[in-house]
Amino acid sequence: MTQSAPSLDVKGYAVMAPGQPLVPFTFERRRPRPEDVVVDILFCGVCHSDIHTARGEWGESEYPVVPGHEIVGRVSQKGASAGRFNVGDLVGVGCYVDSCRVCPSCRSGLEPYCDDGPLWTYNATDPQGHRTFGGYSSRIVVDEKYVLKIPQGMDPAQAAPLLCAGITTWSPLKHWGVKPGMSVGVAGLGGLGHMAVKLIAALGARPVVISRSGKKKSDALSLGAVEYYEEATLPAHKKSLDLILDTVSAPHDVDRLLGTLKREGTLVMLGVSPESLSFDAFSLIGGRRSLAGSLIGGLREIQDMLDFCGRQGVHPEVEVIPVAHVNAAYDRVVSGDVKFRFVLDMATL
Ligand code: NAP
Ligand code: ZN
Ligand code: ZN
């Protein structure tokens, strides 16, 4: 493939303006470069971040937005110097498609923390001035360095949510050294939360689900949770957890969560509420506790997580739907009516 290769026509779904539904949208991808692969997309997960961005809830969207960063597909073309994959390989693309490659974070394999910010898979502009469009589409062109290998035997629809929900929960579990014997809270049992439960259990630790109501208790236990705390009962569970992954997508009571941590426990924010959260300093100092955050995970970590899931048979619970049902799916995610991740079937585009 050369620089004179034609740009690629792509079909997808986009939001054209804030508050609008997703509609069919045709656009062009950049001409594949020598180090690029073209991926024909099979499945794309629906992450709550897609909804926050599509609806302008984080304030920074530039329309049209083609969301989607839990992408699985097959390599259909590769550039002259692309050597990591063969045509036909099953691959994944996650939340970012490039980064500066030279800053301390990039050199440490922690690309999401790139000093220049990673190049997000959608709703971003690359250094050449091209807008990025995500995985609710037929094809994507990506530098092969930012493409992940899907382990053999993994179901492609079930693999898709690992590219965001899987890695976003795996990375803090590894960073905070989760191991057998530790009790790890998971606040919010949605796409991220249910993956967290499965990964904590697979690492031999004790997953404890913290949810708004009693409605998800039997699901939580069948996913592997050993305990289930209804949010209102948290004061009765003081100092019981070593670590909490907070995946809640809306404003909520941070002090109550901090109170359930043992001395020196850590609350890791993963969810990004559209409105600011607040907490009382006493909630930290009374237990020498930490409040932290974590962003997706680096490329090496993503591959490790995919390989771990492949070996251990860990997979998300998915509901595969036609792309045309995506607007209804957004409403169902917001109302908590999904078990536990929608995945769009691109064959229906
Ligand atoms: P999701 O499937 O919608 O799950 C979010 C969960 O939060 C819900 O299942 C619900 O759990 C709880 N929740 C929702 N509304 C609530 C409310 N008003 N009050 C209290 N709890 C509420 O979303 P997701 O895809 O897992 O994403 C979760 C959050 O993580 C989003 O904000 C997303 O943008 C963010 N995210 C961050 C990263 C990162 O790198 N840090 C990566 C991906 C996503 P219960 O019903 O059990 O209470
Ligand atoms: Zn996501
Ligand atoms: Zn960098």
# chains A, B, ... in the order shown; residues from 1 in each chain; ligands from 1
>>> residues_around(residues="Arg206 (chain A)", least_positions_apart="4", cutoff="7 Å", atoms="only C-alpha atoms", output="mmCIF file with C-alpha atoms, in the first residue's frame")
data_model
loop_
_atom_site.group_PDB
_atom_site.id
_atom_site.type_symbol
_atom_site.label_atom_id
_atom_site.label_comp_id
_atom_site.auth_asym_id
_atom_site.auth_seq_id
_atom_site.Cartn_x
_atom_site.Cartn_y
_atom_site.Cartn_z
ATOM 1 C CA GLY A 181 -7.567 -12.982 50.598
ATOM 2 C CA MET A 182 -8.282 -9.359 49.661
ATOM 3 C CA SER A 183 -11.859 -8.062 49.756
ATOM 4 C CA VAL A 184 -12.457 -5.796 46.786
ATOM 5 C CA ILE A 200 -11.452 -10.147 40.988
ATOM 6 C CA ALA A 201 -12.803 -13.683 41.371
ATOM 7 C CA VAL A 226 -19.213 -13.237 47.715
#
>>> residues_near_ligand(ligand="ligand 3", cutoff="6 Å", atoms="only C-alpha atoms and all ligand atoms", output="compact mmCIF listing (two decimals) with C-alpha atoms, in the first residue's frame")
# COMPACT_ATOMS: atom_id res chain seq x y z
CA SER A 99 0.13 8.45 21.39
CA CYS A 100 3.40 10.39 21.34
CA ARG A 101 5.47 7.21 21.92
CA VAL A 102 8.39 9.08 23.55
CA CYS A 103 7.14 10.56 26.84
CA SER A 105 4.32 7.21 30.20
CA CYS A 106 4.51 5.95 26.60
CA CYS A 114 0.72 10.13 27.51
CA ASP A 115 1.97 13.66 28.18
CA ASP A 116 0.28 14.86 24.97
>>> residues_near_ligand(ligand="ligand 2", cutoff="10 Å", atoms="only C-alpha atoms and all ligand atoms", output="list of chain:residue names")
A:Gly45, A:Val46, A:Cys47, A:His48, A:Ser49, A:Asp50, A:Ile51, A:Pro67, A:Gly68, A:His69, A:Glu70, A:Gly94, A:Cys95, A:Pro161, A:Leu162, A:Leu163, A:Cys164, A:Ala165, A:Gly166, A:Ile167, A:Thr168, A:Gly191, A:Leu192, A:Gly271, A:Leu295, A:Ile296
>>> residues_around(residues="Ile71 (chain A)", least_positions_apart="6", cutoff="12 Å", atoms="only C-alpha atoms", output="PyMOL selection string")
chain A and resi 39-47+90-97+121-122+133-142+147-150+156-165+343-346
>>> residues_near_ligand(ligand="ligand 1", cutoff="8 Å", atoms="only C-alpha atoms and all ligand atoms", output="ChimeraX atom specification")
/A:46-52,164-165,168,187-194,209-213,215-216,231,247-252,269-274,293-297,333-336,338,340-341
>>> select_by_dssp(residues="region 99-218 of chain A", states="alpha helix (DSSP H)", output="ChimeraX atom specification")
/A:104-107,156-159,165-175,191-202,217-218
>>> closest_residue(among="A:Leu8, A:Tyr146, A:Ala329, A:Tyr63", to="Gln20 (chain A)", atoms="only C-alpha atoms")
A:Tyr63
>>> residues_around(residues="region 258-265 of chain A", least_positions_apart="6", cutoff="12 Å", atoms="only C-alpha atoms", output="ChimeraX atom specification")
/A:176,178,182-187,208,210,229,231,233-246,252,278-292
>>> closest_residue(among="A:Leu22, A:Val323, A:Val197, A:Val38", to="Ala82 (chain A)", atoms="only C-alpha atoms")
A:Val38
>>> closest_residue(among="A:Pro21, A:Gly12, A:Pro32, A:Gly298", to="Asn327 (chain A)", atoms="only C-alpha atoms")
A:Pro21
>>> select_by_dssp(residues="region 91-274 of chain A", states="strand (DSSP E)", output="JSON, numbers by chain")
{"A": [91, 92, 93, 96, 97, 98, 119, 120, 139, 140, 141, 142, 143, 148, 149, 183, 184, 185, 186, 187, 206, 207, 208, 209, 210, 211, 227, 228, 229, 230, 241, 242, 243, 244, 245, 246, 261, 262, 263, 264, 265, 266, 267, 268, 269]}
>>> atom_distance(atom1="CA of Ser61 (chain A)", atom2="CA of Arg300 (chain A)")
28.6 Å
>>> residues_around(residues="Phe308 (chain A)", least_positions_apart="4", cutoff="10 Å", atoms="only C-alpha atoms", output="ChimeraX atom specification")
/A:151,199,202-203,302-304,312-314
>>> write_last_selection(atoms="N, CA, C and O atoms", output="compact mmCIF listing (two decimals), in the first residue's frame")
# COMPACT_ATOMS: atom_id res chain seq x y z
N PRO A 151 -7.03 -13.55 21.56
CA PRO A 151 -6.56 -14.93 21.73
C PRO A 151 -7.42 -15.94 20.96
O PRO A 151 -8.62 -15.74 20.79
N LEU A 199 -13.15 -10.54 37.13
CA LEU A 199 -11.67 -10.50 37.18
C LEU A 199 -11.17 -10.66 38.62
O LEU A 199 -10.18 -11.35 38.86
N ALA A 202 -11.42 -14.21 39.42
CA ALA A 202 -10.41 -15.00 38.70
C ALA A 202 -9.01 -14.80 39.30
O ALA A 202 -8.15 -15.68 39.18
N LEU A 203 -8.79 -13.66 39.95
CA LEU A 203 -7.50 -13.42 40.61
C LEU A 203 -7.48 -14.03 42.02
O LEU A 203 -6.50 -13.87 42.74
N ILE A 302 -3.23 -4.39 28.20
CA ILE A 302 -4.43 -4.87 27.48
C ILE A 302 -4.17 -6.28 26.94
O ILE A 302 -4.99 -7.19 27.10
N GLN A 303 -2.96 -6.46 26.34
CA GLN A 303 -2.67 -7.79 25.80
C GLN A 303 -2.59 -8.83 26.92
O GLN A 303 -3.11 -9.94 26.79
N ASP A 304 -1.97 -8.44 28.06
CA ASP A 304 -1.91 -9.38 29.21
C ASP A 304 -3.31 -9.77 29.67
O ASP A 304 -3.58 -10.93 29.97
N GLN A 312 -8.17 -18.23 31.19
CA GLN A 312 -9.07 -18.53 32.32
C GLN A 312 -10.53 -18.67 31.91
O GLN A 312 -11.39 -18.92 32.75
N GLY A 313 -10.83 -18.41 30.64
CA GLY A 313 -12.22 -18.47 30.19
C GLY A 313 -13.08 -17.37 30.78
O GLY A 313 -14.29 -17.54 30.97
N VAL A 314 -12.48 -16.21 31.09
CA VAL A 314 -13.26 -15.08 31.63
C VAL A 314 -13.82 -14.28 30.45
O VAL A 314 -13.09 -13.93 29.53
>>> closest_residue(among="A:Phe25, A:Asp155, A:Leu221, A:Glu319", to="Leu349 (chain A)", atoms="only C-alpha atoms")
A:Phe25
